[in-house]
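Contents: one structure, followed by commentary.
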Amino acid sequence: MPESENEKSRKLSGLNFIEAIIEEDLYNNKNQGRVHLRFPPEPNGYLHIGHAKSICLNFGLAKTYNGLCNLRFDDTNPEKEDVEYVDSIMEDIRWLGFEWYDKAYYASDYFEQLYQWAEKLITAGKAYVDEQPQEMISEQRGVPTRPGTESPFRNRPVEESLDLFRRMRAGEFTNGAMVLRAKIDMASPNMHMRDPIMYRILHHHHHRTGDNWCIYPMYDWAHGQSDFIEGITHSVCTLEFEIHRPLYDWFLDQLAEGSYRPRQIEFARLNLSYTVMSKRKLLELVNEGHVNGWDDPRMPTISGLRRRGYTPLSIRNFADRIGVAKRDNVIDVGLLEFSVREHLNQVAPRVFAVLDPLKVIITNYPEGKVEEMELQNNPEDPDAGSRKVAFSREIYIERDDFLEEPPKKFFRLGPGREVRLKGAYIVKCEGFEKDENGRITEIYCTYDPSTKSGGSGAGRKVKGTLHWVSVAHAIEAEVRLYDRLFLDEDPAGHEDKDFKSFINPDSLKILQHCKLEQSLETATAGGQFQLQRLGYFCVDKDSREKQLVFNRTVPLRDPWSKKNR
RNA sequence: UGUCCGAUGGUGUAAUGGUAGCACUGCAGAUUUUGGUUCUGCCGGUCAAGGUUCGAGCCCUUGUCGGACAACCA
């Protein structure tokens, strides 16, 4: 298609609002046409799916507009931060498939610059040292509907503030003795403009600057200036910072001289149904043992999703699908599940595994005979080839694939019924055995030799097709069936009830002695498969030689069981 | 009885004054040696009331509802 003369005009259609802003800025050649974003996590916890949305957004925008995206650790609170988190955050971002520009940046690298700028503000009469106790400052701040009152130290001489500030840095005072405040407007309807605190005294070891500092900048003072130092053009953050924007701009206006300005843009954070997303609540789940760590496959953390068997591509596709806007949203967790099924359907090899085995004896099949059946590895991918699966007189099928008194629409096995054993023969149920409790112990079938898959008589159609595993050739494994962690759509949304009261008691079912086809013997941790007719599974890192552990990533879509629920 | 932000099917997200589209979900059917996949069809939406306009989801006014803000957290 030839480029029209509108080529240079803004094409704002079909874009999300952030893309529209960037296109507009590009059109106006703002900041010399640079596009430079950043992802600024605080290293005080593990990344979760909500962060993934932000990561995909920021790094994705940079890619779309041939720009750059920094990774910057917002490490201005040494009491909560740790290298452990720095490492896990970098691992998760890389795993998602993104690479940050240049190197990892740290707000702590700017402490000296920030300090110098703070002195400049003091000198300009735009900041002052307040020696009041915390409670007094808090009280004077007022409430959103009532203006605050000014601190008695607000108009102290510049020299006094400067001297005190230098001594704050020198370590002459104890924690909480005084703070540096910006002098803005105690009557502002925006609480954040009521002389916000820029520095507090914190005698605490920092994971990068060690004991070099005992005063640390607050978020509002550090963040925008860090953006400025790094040449960020579009500072994308979540909605709760919207009200901080006037302050973000105010600080920059005090310091910036040229025309370059980073611009803060806010979007609505991700909420997912049937889970919780706050770091505090996730921490609670871990600390109280409701899950087995940050990477428990039921956690919405990146590491949890990874261990659950989610793929980076499926998460990126998910992030694309949910879009980005400013209105509050709750995404159906089903959309996440759709995304992982979509990807795994393309790439996961199909294998047979029987989770709840029921023995079937094919009475007219010769004892001792073994046939190697040829099975396609992935019908969605012809290049995936095929494998041999041993078939013999005694096999396992899934216990719920047999019903003593099956309803009409039940396409599986029942007395007198026929089914296709996938990749093998059509068998007919001739009888079964029960124990004293009425539990079925064995089924007896006859097979029709003419119906062998791939053979001349294979064309005969029956209603159902079952997966199976030869008793003599089966290997055993543990299988962990994961379900959503909460029974309530919005576990944290109840004022009268704790979110943990909605924990799903069946969110993890551990099955032992599941029967797998022999080819799985060589599977290794991280391997992903579709257990045919059951779902997508991955090999857990808990696996040991001859003791495989599988995690269920997500079951297959199953309208039949849904209808019968 | 403050300021700021937001409101489009069940859930998300487009439509930038000119036919309300897409995805997920749901329902129905076709195909299928996975009750999977794939394909087809269907159900279903502009918060309300005024105003501007030939024409409003979009612009204006008012209202309603939802969210954010009162850490020496980010």
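Labeling convention for the structure tokens: chains A, B, ... as they appear, residues from 1 per chain, ligands from 1 in order of appearance.
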Check: Just asking: which residues within stretch 349-442 of chain A are helix (DSSP H, G or I) according to DSSP, as a ChimeraX atom specification?
Finding: /A:382-384,399-401
Those residues with all heavy atoms, as a PDB file, in the first residue's frame please?
```
ATOM      1  N   PRO A 382       2.761 -30.339  12.641  1.00  0.00           N
ATOM      2  CA  PRO A 382       3.200 -31.542  11.921  1.00  0.00           C
ATOM      3  C   PRO A 382       4.695 -31.803  12.110  1.00  0.00           C
ATOM      4  O   PRO A 382       5.135 -32.961  12.129  1.00  0.00           O
ATOM      5  CB  PRO A 382       2.916 -31.201  10.451  1.00  0.00           C
ATOM      6  CG  PRO A 382       1.939 -30.075  10.489  1.00  0.00           C
ATOM      7  CD  PRO A 382       2.182 -29.326  11.746  1.00  0.00           C
ATOM      8  N   ASP A 383       5.464 -30.763  12.304  1.00  0.00           N
ATOM      9  CA  ASP A 383       6.904 -30.927  12.478  1.00  0.00           C
ATOM     10  C   ASP A 383       7.267 -31.579  13.808  1.00  0.00           C
ATOM     11  O   ASP A 383       8.411 -31.954  14.029  1.00  0.00           O
ATOM     12  CB  ASP A 383       7.621 -29.559  12.399  1.00  0.00           C
ATOM     13  CG  ASP A 383       7.484 -28.949  11.013  1.00  0.00           C
ATOM     14  OD1 ASP A 383       7.280 -29.728  10.052  1.00  0.00           O
ATOM     15  OD2 ASP A 383       7.565 -27.717  10.892  1.00  0.00           O
ATOM     16  N   ALA A 384       6.308 -31.653  14.704  1.00  0.00           N
ATOM     17  CA  ALA A 384       6.591 -32.231  16.021  1.00  0.00           C
ATOM     18  C   ALA A 384       6.782 -33.740  15.945  1.00  0.00           C
ATOM     19  O   ALA A 384       7.246 -34.358  16.896  1.00  0.00           O
ATOM     20  CB  ALA A 384       5.476 -31.883  17.004  1.00  0.00           C
ATOM     21  N   ARG A 399     -10.567 -43.308  35.706  1.00  0.00           N
ATOM     22  CA  ARG A 399     -11.720 -43.850  36.429  1.00  0.00           C
ATOM     23  C   ARG A 399     -13.037 -43.180  36.009  1.00  0.00           C
ATOM     24  O   ARG A 399     -14.067 -43.847  35.908  1.00  0.00           O
ATOM     25  CB  ARG A 399     -11.496 -43.689  37.940  1.00  0.00           C
ATOM     26  CG  ARG A 399     -12.617 -44.204  38.813  1.00  0.00           C
ATOM     27  CD  ARG A 399     -12.170 -44.375  40.253  1.00  0.00           C
ATOM     28  NE  ARG A 399     -11.210 -45.467  40.403  1.00  0.00           N
ATOM     29  CZ  ARG A 399     -11.553 -46.752  40.538  1.00  0.00           C
ATOM     30  NH1 ARG A 399     -12.817 -47.105  40.542  1.00  0.00           N
ATOM     31  NH2 ARG A 399     -10.627 -47.674  40.659  1.00  0.00           N
ATOM     32  N   ASP A 400     -12.991 -41.897  35.772  1.00  0.00           N
ATOM     33  CA  ASP A 400     -14.268 -41.247  35.418  1.00  0.00           C
ATOM     34  C   ASP A 400     -14.586 -41.373  33.918  1.00  0.00           C
ATOM     35  O   ASP A 400     -15.511 -40.742  33.421  1.00  0.00           O
ATOM     36  CB  ASP A 400     -14.328 -39.792  35.884  1.00  0.00           C
ATOM     37  CG  ASP A 400     -13.274 -38.919  35.250  1.00  0.00           C
ATOM     38  OD1 ASP A 400     -12.611 -39.367  34.297  1.00  0.00           O
ATOM     39  OD2 ASP A 400     -13.107 -37.778  35.711  1.00  0.00           O
ATOM     40  N   ASP A 401     -13.830 -42.213  33.226  1.00  0.00           N
ATOM     41  CA  ASP A 401     -14.202 -42.514  31.839  1.00  0.00           C
ATOM     42  C   ASP A 401     -15.078 -43.756  31.758  1.00  0.00           C
ATOM     43  O   ASP A 401     -15.378 -44.262  30.670  1.00  0.00           O
ATOM     44  CB  ASP A 401     -12.952 -42.702  30.970  1.00  0.00           C
ATOM     45  CG  ASP A 401     -12.348 -41.368  30.545  1.00  0.00           C
ATOM     46  OD1 ASP A 401     -13.071 -40.357  30.607  1.00  0.00           O
ATOM     47  OD2 ASP A 401     -11.166 -41.337  30.161  1.00  0.00           O
TER      48      ASP A 401
END
```
Checklist line | Check: which chain B residues lie within 12 Å of chain A using only C-alpha atoms (C1' of nucleotides), as a ChimeraX atom specification | finding: /B:1-8,10-16,21-27,32-38,66-74
Next item on the list: Apply DSSP to the structure's backbone, then extract all residues of stretch 259-325 of chain A labelled strand (DSSP E) and return them as number ranges by chain.
Entry: A: 263-267
Margin query: For A:Ala127, find every residue with an atom within 6 Å (counting only C-alpha atoms (C1' of nucleotides)), except residues of its own chain fewer than 6 positions away, and show them as a PyMOL selection string.
Written below: chain A and resi 121+181-183
For all heavy atoms, I'd like the residues from the last selection saved as a PDB file, in the first residue's frame.
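Here's the written file selection10.pdb:
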```pdb
ATOM      1  N   LEU A 121      17.375  24.203  46.549  1.00  0.00           N
ATOM      2  CA  LEU A 121      16.004  24.591  46.877  1.00  0.00           C
ATOM      3  C   LEU A 121      15.955  25.369  48.194  1.00  0.00           C
ATOM      4  O   LEU A 121      15.212  26.342  48.328  1.00  0.00           O
ATOM      5  CB  LEU A 121      15.111  23.343  46.974  1.00  0.00           C
ATOM      6  CG  LEU A 121      14.079  23.168  45.860  1.00  0.00           C
ATOM      7  CD1 LEU A 121      14.747  23.190  44.490  1.00  0.00           C
ATOM      8  CD2 LEU A 121      13.292  21.892  46.039  1.00  0.00           C
ATOM      9  N   ARG A 181      11.502  19.904  54.302  1.00  0.00           N
ATOM     10  CA  ARG A 181      10.219  20.018  53.630  1.00  0.00           C
ATOM     11  C   ARG A 181      10.277  21.027  52.486  1.00  0.00           C
ATOM     12  O   ARG A 181      10.958  22.054  52.584  1.00  0.00           O
ATOM     13  CB  ARG A 181       9.173  20.515  54.623  1.00  0.00           C
ATOM     14  CG  ARG A 181       8.812  19.497  55.692  1.00  0.00           C
ATOM     15  CD  ARG A 181       7.302  19.416  55.790  1.00  0.00           C
ATOM     16  NE  ARG A 181       6.784  20.126  56.935  1.00  0.00           N
ATOM     17  CZ  ARG A 181       5.470  20.360  57.124  1.00  0.00           C
ATOM     18  NH1 ARG A 181       4.581  19.997  56.207  1.00  0.00           N
ATOM     19  NH2 ARG A 181       5.076  20.986  58.182  1.00  0.00           N
ATOM     20  N   ALA A 182       9.545  20.738  51.421  1.00  0.00           N
ATOM     21  CA  ALA A 182       9.402  21.729  50.354  1.00  0.00           C
ATOM     22  C   ALA A 182       8.410  22.773  50.829  1.00  0.00           C
ATOM     23  O   ALA A 182       7.448  22.454  51.527  1.00  0.00           O
ATOM     24  CB  ALA A 182       8.903  21.055  49.074  1.00  0.00           C
ATOM     25  N   LYS A 183       8.668  24.032  50.474  1.00  0.00           N
ATOM     26  CA  LYS A 183       7.761  25.105  50.877  1.00  0.00           C
ATOM     27  C   LYS A 183       6.814  25.398  49.718  1.00  0.00           C
ATOM     28  O   LYS A 183       7.176  26.091  48.775  1.00  0.00           O
ATOM     29  CB  LYS A 183       8.565  26.363  51.242  1.00  0.00           C
ATOM     30  CG  LYS A 183       7.724  27.427  51.941  1.00  0.00           C
ATOM     31  CD  LYS A 183       8.470  28.745  52.009  1.00  0.00           C
ATOM     32  CE  LYS A 183       9.578  28.729  53.060  1.00  0.00           C
ATOM     33  NZ  LYS A 183      10.163  30.098  53.228  1.00  0.00           N
TER      34      LYS A 183
END
```
Next item on the list: Mind checking which residues fall within 8 Å of stretch 33-37 of chain A, counting only C-alpha atoms (C1' of nucleotides), ignoring those fewer than 3 positions away in the same chain, and posting them as a list of chain:residue names?
Entry: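 So, after excluding close chain neighbours, the residues are A:Ile22, A:Asp25, A:Leu26, A:Asn28, A:Asn29, A:Lys30, A:Asn58, A:Phe59, A:Leu61, A:Ala62, A:Tyr65, A:Asn66, A:Gly67, A:Leu68, A:Cys69, A:Asn70, A:Gly231, A:Ile232, A:Thr233, A:His234, A:Ser235, A:Val236.
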Output file for the residues above (N, CA and C atoms, as a PDB file, in the first residue's frame):
```
ATOM      1  N   ILE A  22       2.064   9.721  22.947  1.00  0.00           N
ATOM      2  CA  ILE A  22       3.405   9.621  22.372  1.00  0.00           C
ATOM      3  C   ILE A  22       3.397  10.047  20.894  1.00  0.00           C
ATOM      4  N   ASP A  25       3.266  13.705  20.818  1.00  0.00           N
ATOM      5  CA  ASP A  25       4.563  14.290  21.177  1.00  0.00           C
ATOM      6  C   ASP A  25       5.560  14.157  20.039  1.00  0.00           C
ATOM      7  N   LEU A  26       5.515  12.997  19.373  1.00  0.00           N
ATOM      8  CA  LEU A  26       6.403  12.767  18.239  1.00  0.00           C
ATOM      9  C   LEU A  26       6.081  13.768  17.129  1.00  0.00           C
ATOM     10  N   ASN A  28       4.845  16.629  17.409  1.00  0.00           N
ATOM     11  CA  ASN A  28       5.288  17.969  17.808  1.00  0.00           C
ATOM     12  C   ASN A  28       6.791  18.044  18.067  1.00  0.00           C
ATOM     13  N   ASN A  29       7.461  16.931  17.818  1.00  0.00           N
ATOM     14  CA  ASN A  29       8.908  16.854  18.049  1.00  0.00           C
ATOM     15  C   ASN A  29       9.297  17.259  19.474  1.00  0.00           C
ATOM     16  N   LYS A  30       8.437  16.903  20.405  1.00  0.00           N
ATOM     17  CA  LYS A  30       8.735  17.207  21.798  1.00  0.00           C
ATOM     18  C   LYS A  30       9.963  16.418  22.249  1.00  0.00           C
ATOM     19  N   ASN A  58       5.602  -0.653  29.295  1.00  0.00           N
ATOM     20  CA  ASN A  58       6.760   0.226  29.178  1.00  0.00           C
ATOM     21  C   ASN A  58       7.770  -0.266  28.141  1.00  0.00           C
ATOM     22  N   PHE A  59       8.173  -1.524  28.265  1.00  0.00           N
ATOM     23  CA  PHE A  59       9.149  -2.043  27.308  1.00  0.00           C
ATOM     24  C   PHE A  59       8.521  -2.156  25.919  1.00  0.00           C
ATOM     25  N   LEU A  61       6.143  -0.190  24.655  1.00  0.00           N
ATOM     26  CA  LEU A  61       6.052   1.158  24.084  1.00  0.00           C
ATOM     27  C   LEU A  61       7.410   1.565  23.503  1.00  0.00           C
ATOM     28  N   ALA A  62       8.462   1.271  24.254  1.00  0.00           N
ATOM     29  CA  ALA A  62       9.809   1.615  23.791  1.00  0.00           C
ATOM     30  C   ALA A  62      10.085   0.925  22.457  1.00  0.00           C
ATOM     31  N   TYR A  65       8.034   2.411  19.475  1.00  0.00           N
ATOM     32  CA  TYR A  65       8.437   3.727  18.993  1.00  0.00           C
ATOM     33  C   TYR A  65       9.947   3.868  18.847  1.00  0.00           C
ATOM     34  N   ASN A  66      10.619   2.713  18.716  1.00  0.00           N
ATOM     35  CA  ASN A  66      12.077   2.737  18.562  1.00  0.00           C
ATOM     36  C   ASN A  66      12.744   3.570  19.648  1.00  0.00           C
ATOM     37  N   GLY A  67      12.219   3.452  20.830  1.00  0.00           N
ATOM     38  CA  GLY A  67      12.778   4.211  21.942  1.00  0.00           C
ATOM     39  C   GLY A  67      13.550   3.303  22.881  1.00  0.00           C
ATOM     40  N   LEU A  68      13.723   3.774  24.093  1.00  0.00           N
ATOM     41  CA  LEU A  68      14.478   3.022  25.085  1.00  0.00           C
ATOM     42  C   LEU A  68      13.624   2.839  26.339  1.00  0.00           C
ATOM     43  N   CYS A  69      13.985   1.819  27.086  1.00  0.00           N
ATOM     44  CA  CYS A  69      13.308   1.638  28.367  1.00  0.00           C
ATOM     45  C   CYS A  69      14.327   1.235  29.423  1.00  0.00           C
ATOM     46  N   ASN A  70      14.417   2.026  30.465  1.00  0.00           N
ATOM     47  CA  ASN A  70      15.334   1.736  31.568  1.00  0.00           C
ATOM     48  C   ASN A  70      14.670   0.838  32.592  1.00  0.00           C
ATOM     49  N   GLY A 231      16.840  11.202  31.510  1.00  0.00           N
ATOM     50  CA  GLY A 231      16.317  11.645  30.223  1.00  0.00           C
ATOM     51  C   GLY A 231      15.022  10.970  29.824  1.00  0.00           C
ATOM     52  N   ILE A 232      14.280  10.526  30.830  1.00  0.00           N
ATOM     53  CA  ILE A 232      12.997   9.878  30.560  1.00  0.00           C
ATOM     54  C   ILE A 232      12.037  10.904  29.941  1.00  0.00           C
ATOM     55  N   THR A 233      11.289  10.470  28.920  1.00  0.00           N
ATOM     56  CA  THR A 233      10.337  11.388  28.296  1.00  0.00           C
ATOM     57  C   THR A 233       8.913  11.119  28.773  1.00  0.00           C
ATOM     58  N   HIS A 234       8.607   9.828  28.951  1.00  0.00           N
ATOM     59  CA  HIS A 234       7.250   9.454  29.359  1.00  0.00           C
ATOM     60  C   HIS A 234       7.359   8.572  30.588  1.00  0.00           C
ATOM     61  N   SER A 235       6.918   9.107  31.707  1.00  0.00           N
ATOM     62  CA  SER A 235       7.042   8.416  32.977  1.00  0.00           C
ATOM     63  C   SER A 235       5.689   7.795  33.319  1.00  0.00           C
ATOM     64  N   VAL A 236       5.554   6.542  32.944  1.00  0.00           N
ATOM     65  CA  VAL A 236       4.260   5.878  33.057  1.00  0.00           C
ATOM     66  C   VAL A 236       4.125   5.194  34.411  1.00  0.00           C
TER      67      VAL A 236
END
```
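With only C-alpha atoms (C1' of nucleotides) taken into account, the protein and nucleic acid residues at most 12 Å from B:G29 (excluding it and anything under 3 positions from it in its own chain) are C39, U40, G41 and C42 of chain B.
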Selection from above, all heavy atoms, as a CSV table (one decimal), in the first residue's frame, can you write it?
```csv
chain,number,residue,atom,x,y,z
B,39,C,P,-10.5,-20.4,13.6
B,39,C,OP1,-9.8,-19.3,12.9
B,39,C,OP2,-11.0,-20.2,15.0
B,39,C,O5',-11.8,-20.8,12.7
B,39,C,C5',-11.6,-21.2,11.4
B,39,C,C4',-12.9,-21.7,10.8
B,39,C,O4',-13.3,-22.9,11.4
B,39,C,C3',-14.1,-20.8,11.1
B,39,C,O3',-14.2,-19.7,10.2
B,39,C,C2',-15.3,-21.8,11.0
B,39,C,O2',-15.6,-22.0,9.6
B,39,C,C1',-14.7,-23.0,11.5
B,39,C,N1,-15.0,-23.2,13.0
B,39,C,C2,-16.3,-23.7,13.3
B,39,C,O2,-17.0,-24.0,12.4
B,39,C,N3,-16.6,-23.9,14.6
B,39,C,C4,-15.7,-23.6,15.5
B,39,C,N4,-16.1,-23.7,16.8
B,39,C,C5,-14.5,-23.0,15.2
B,39,C,C6,-14.1,-22.8,14.0
B,40,U,P,-14.9,-18.3,10.7
B,40,U,OP1,-14.7,-17.3,9.7
B,40,U,OP2,-14.6,-18.1,12.1
B,40,U,O5',-16.5,-18.7,10.7
B,40,U,C5',-17.1,-19.1,9.4
B,40,U,C4',-18.5,-19.5,9.7
B,40,U,O4',-18.6,-20.7,10.4
B,40,U,C3',-19.3,-18.5,10.5
B,40,U,O3',-19.8,-17.4,9.7
B,40,U,C2',-20.5,-19.4,11.0
B,40,U,O2',-21.4,-19.6,10.0
B,40,U,C1',-19.7,-20.7,11.3
B,40,U,N1,-19.3,-20.8,12.7
B,40,U,C2,-20.2,-21.2,13.6
B,40,U,O2,-21.4,-21.5,13.3
B,40,U,N3,-19.8,-21.3,14.9
B,40,U,C4,-18.6,-21.0,15.4
B,40,U,O4,-18.3,-21.1,16.6
B,40,U,C5,-17.6,-20.6,14.4
B,40,U,C6,-18.0,-20.5,13.1
B,41,G,P,-20.0,-16.0,10.4
B,41,G,OP1,-20.3,-15.0,9.4
B,41,G,OP2,-18.9,-15.8,11.4
B,41,G,O5',-21.3,-16.2,11.2
B,41,G,C5',-22.5,-16.5,10.5
B,41,G,C4',-23.6,-17.0,11.5
B,41,G,O4',-23.1,-18.2,12.2
B,41,G,C3',-23.9,-16.1,12.7
B,41,G,O3',-24.8,-15.1,12.3
B,41,G,C2',-24.6,-17.1,13.6
B,41,G,O2',-25.9,-17.4,13.3
B,41,G,C1',-23.7,-18.3,13.5
B,41,G,N9,-22.6,-18.3,14.5
B,41,G,C8,-21.3,-18.0,14.3
B,41,G,N7,-20.6,-18.1,15.5
B,41,G,C5,-21.6,-18.5,16.4
B,41,G,C6,-21.4,-18.7,17.8
B,41,G,O6,-20.4,-18.7,18.5
B,41,G,N1,-22.7,-19.0,18.4
B,41,G,C2,-23.9,-19.1,17.7
B,41,G,N2,-24.9,-19.4,18.4
B,41,G,N3,-24.0,-18.9,16.4
B,41,G,C4,-22.8,-18.6,15.8
B,42,C,P,-24.8,-13.7,13.1
B,42,C,OP1,-25.7,-12.7,12.4
B,42,C,OP2,-23.4,-13.3,13.4
B,42,C,O5',-25.6,-14.1,14.4
B,42,C,C5',-26.9,-14.7,14.4
B,42,C,C4',-27.3,-15.1,15.8
B,42,C,O4',-26.3,-16.1,16.3
B,42,C,C3',-27.2,-14.0,16.9
B,42,C,O3',-28.4,-13.2,16.9
B,42,C,C2',-27.1,-14.9,18.1
B,42,C,O2',-28.3,-15.4,18.6
B,42,C,C1',-26.2,-16.0,17.7
B,42,C,N1,-24.8,-15.8,18.0
B,42,C,C2,-24.3,-16.1,19.3
B,42,C,O2,-25.2,-16.4,20.1
B,42,C,N3,-23.0,-15.9,19.6
B,42,C,C4,-22.2,-15.5,18.7
B,42,C,N4,-20.9,-15.4,19.0
B,42,C,C5,-22.6,-15.3,17.3
B,42,C,C6,-23.9,-15.5,17.0
```
Notebook entry, point to check: Looking at A:Ser54, A:Thr363, A:Thr522, A:Ser259, which one is nearest to A:Cys445, with distances taken over only C-alpha atoms?
Noted result: A:Thr363
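Note that atom CA of A:Arg156 and atom CA of A:Glu135 are 20.3 Å apart.
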Notebook entry, point to check: How many Å separate atom CA of A:Asn317 from atom CA of A:Arg72?
Noted result: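 Interatomic distance, atom CA of A:Asn317 to atom CA of A:Arg72: 24.3 Å.
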Checklist line | Counting only C-alpha atoms, the option among A:Ser278, A:Asn271, A:Gln518, A:Asn378 closest to A:Phe391 | finding: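 For A:Phe391, the nearest of the candidates is A:Gln518.
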Notebook entry, point to check: Residues at most 9 Å from A:His207, counting only C-alpha atoms (C1' of nucleotides), excluding those fewer than 5 positions away in the same chain, as a list in words?
Noted result: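 Neighbouring residues, sequence-local ones excluded: Asp75, Pro78, Glu81, Asp82 and Val83 of chain A.
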Could you please take those selected residues and save all heavy atoms as a compact mmCIF listing (two decimals), in the first residue's frame?
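Below is the file that was written, again_5.txt:
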```txt
# COMPACT_ATOMS: atom_id res chain seq x y z
N ASP A 75 15.08 2.67 45.02
CA ASP A 75 15.55 2.14 46.30
C ASP A 75 15.86 3.26 47.29
O ASP A 75 17.01 3.47 47.68
CB ASP A 75 16.78 1.25 46.09
CG ASP A 75 17.90 1.96 45.32
OD1 ASP A 75 17.64 3.07 44.80
OD2 ASP A 75 19.00 1.42 45.23
N PRO A 78 15.70 2.13 52.64
CA PRO A 78 16.56 0.99 52.97
C PRO A 78 15.96 0.05 54.01
O PRO A 78 16.39 -1.09 54.12
CB PRO A 78 17.83 1.66 53.51
CG PRO A 78 17.39 3.01 53.96
CD PRO A 78 16.30 3.41 53.02
N GLU A 81 14.13 -2.61 51.72
CA GLU A 81 14.65 -3.12 50.47
C GLU A 81 15.84 -4.06 50.66
O GLU A 81 16.52 -4.03 51.67
CB GLU A 81 15.02 -1.93 49.57
CG GLU A 81 13.77 -1.12 49.23
CD GLU A 81 14.03 0.35 48.98
OE1 GLU A 81 15.20 0.74 48.95
OE2 GLU A 81 13.06 1.10 48.82
N ASP A 82 16.04 -4.87 49.63
CA ASP A 82 17.07 -5.89 49.75
C ASP A 82 17.51 -6.37 48.36
O ASP A 82 16.72 -6.37 47.42
CB ASP A 82 16.51 -7.09 50.53
CG ASP A 82 17.61 -8.00 51.01
OD1 ASP A 82 18.08 -8.84 50.21
OD2 ASP A 82 18.03 -7.87 52.18
N VAL A 83 18.78 -6.80 48.26
CA VAL A 83 19.29 -7.30 46.97
C VAL A 83 18.55 -8.54 46.50
O VAL A 83 18.46 -8.81 45.30
CB VAL A 83 20.80 -7.64 47.02
CG1 VAL A 83 21.63 -6.41 46.84
CG2 VAL A 83 21.14 -8.36 48.30
```
Near stretch 44-49 of chain B, counting only C-alpha atoms (C1' of nucleotides), which residues have an atom at most 8 Å away, once you skip same-chain residues fewer than 6 positions from it, shown as a CSV table (one decimal) with N, CA, C and O atoms (P, O5', C5', C4', C3', O3' and C1' of nucleotides), in the first residue's frame?
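Listing of out-v8.csv after writing:
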```
chain,number,residue,atom,x,y,z
B,7,A,P,-14.1,7.2,31.0
B,7,A,O5',-15.3,6.4,31.6
B,7,A,C5',-15.2,5.0,31.9
B,7,A,C4',-16.4,4.5,32.6
B,7,A,C3',-17.6,4.4,31.7
B,7,A,O3',-18.4,3.2,32.0
B,7,A,C1',-18.1,5.8,33.5
B,8,U,P,-18.1,1.9,31.3
B,8,U,O5',-18.6,2.2,29.8
B,8,U,C5',-20.0,2.5,29.5
B,8,U,C4',-20.4,2.0,28.2
B,8,U,C3',-20.2,0.6,27.9
B,8,U,O3',-21.2,-0.2,28.4
B,8,U,C1',-19.3,1.8,26.1
B,9,G,P,-21.0,-1.4,29.4
B,9,G,O5',-21.4,-2.6,28.4
B,9,G,C5',-21.5,-4.0,28.9
B,9,G,C4',-22.6,-4.7,28.2
B,9,G,C3',-22.6,-6.2,28.5
B,9,G,O3',-23.9,-6.6,28.8
B,9,G,C1',-22.5,-5.8,26.1
B,20,A,P,-24.6,2.7,14.1
B,20,A,O5',-23.2,2.4,14.9
B,20,A,C5',-22.8,1.0,14.9
B,20,A,C4',-21.5,1.0,15.7
B,20,A,C3',-21.3,-0.4,16.4
B,20,A,O3',-20.6,-1.3,15.5
B,20,A,C1',-21.0,1.3,18.0
B,57,G,P,-24.7,9.1,20.1
B,57,G,O5',-23.7,8.4,21.2
B,57,G,C5',-24.0,8.4,22.5
B,57,G,C4',-22.7,8.2,23.3
B,57,G,C3',-21.8,9.4,23.3
B,57,G,O3',-22.0,10.4,24.2
B,57,G,C1',-20.6,7.4,22.8
B,63,G,P,-24.3,19.4,40.2
B,63,G,O5',-25.1,18.0,40.1
B,63,G,C5',-26.4,17.9,40.6
B,63,G,C4',-27.0,16.6,40.2
B,63,G,C3',-26.4,15.3,40.7
B,63,G,O3',-26.8,15.0,42.0
B,63,G,C1',-26.9,15.1,38.3
B,64,U,P,-25.9,14.1,42.9
B,64,U,O5',-26.0,12.7,42.2
B,64,U,C5',-27.2,12.0,42.2
B,64,U,C4',-27.0,10.6,41.5
B,64,U,C3',-25.9,9.8,42.0
B,64,U,O3',-26.2,9.1,43.2
B,64,U,C1',-25.8,9.9,39.7
B,65,C,P,-25.1,8.8,44.3
B,65,C,O5',-24.2,7.7,43.6
B,65,C,C5',-24.8,6.4,43.2
B,65,C,C4',-23.9,5.7,42.3
B,65,C,C3',-22.5,5.5,42.8
B,65,C,O3',-22.3,4.4,43.7
B,65,C,C1',-22.4,6.2,40.6
```
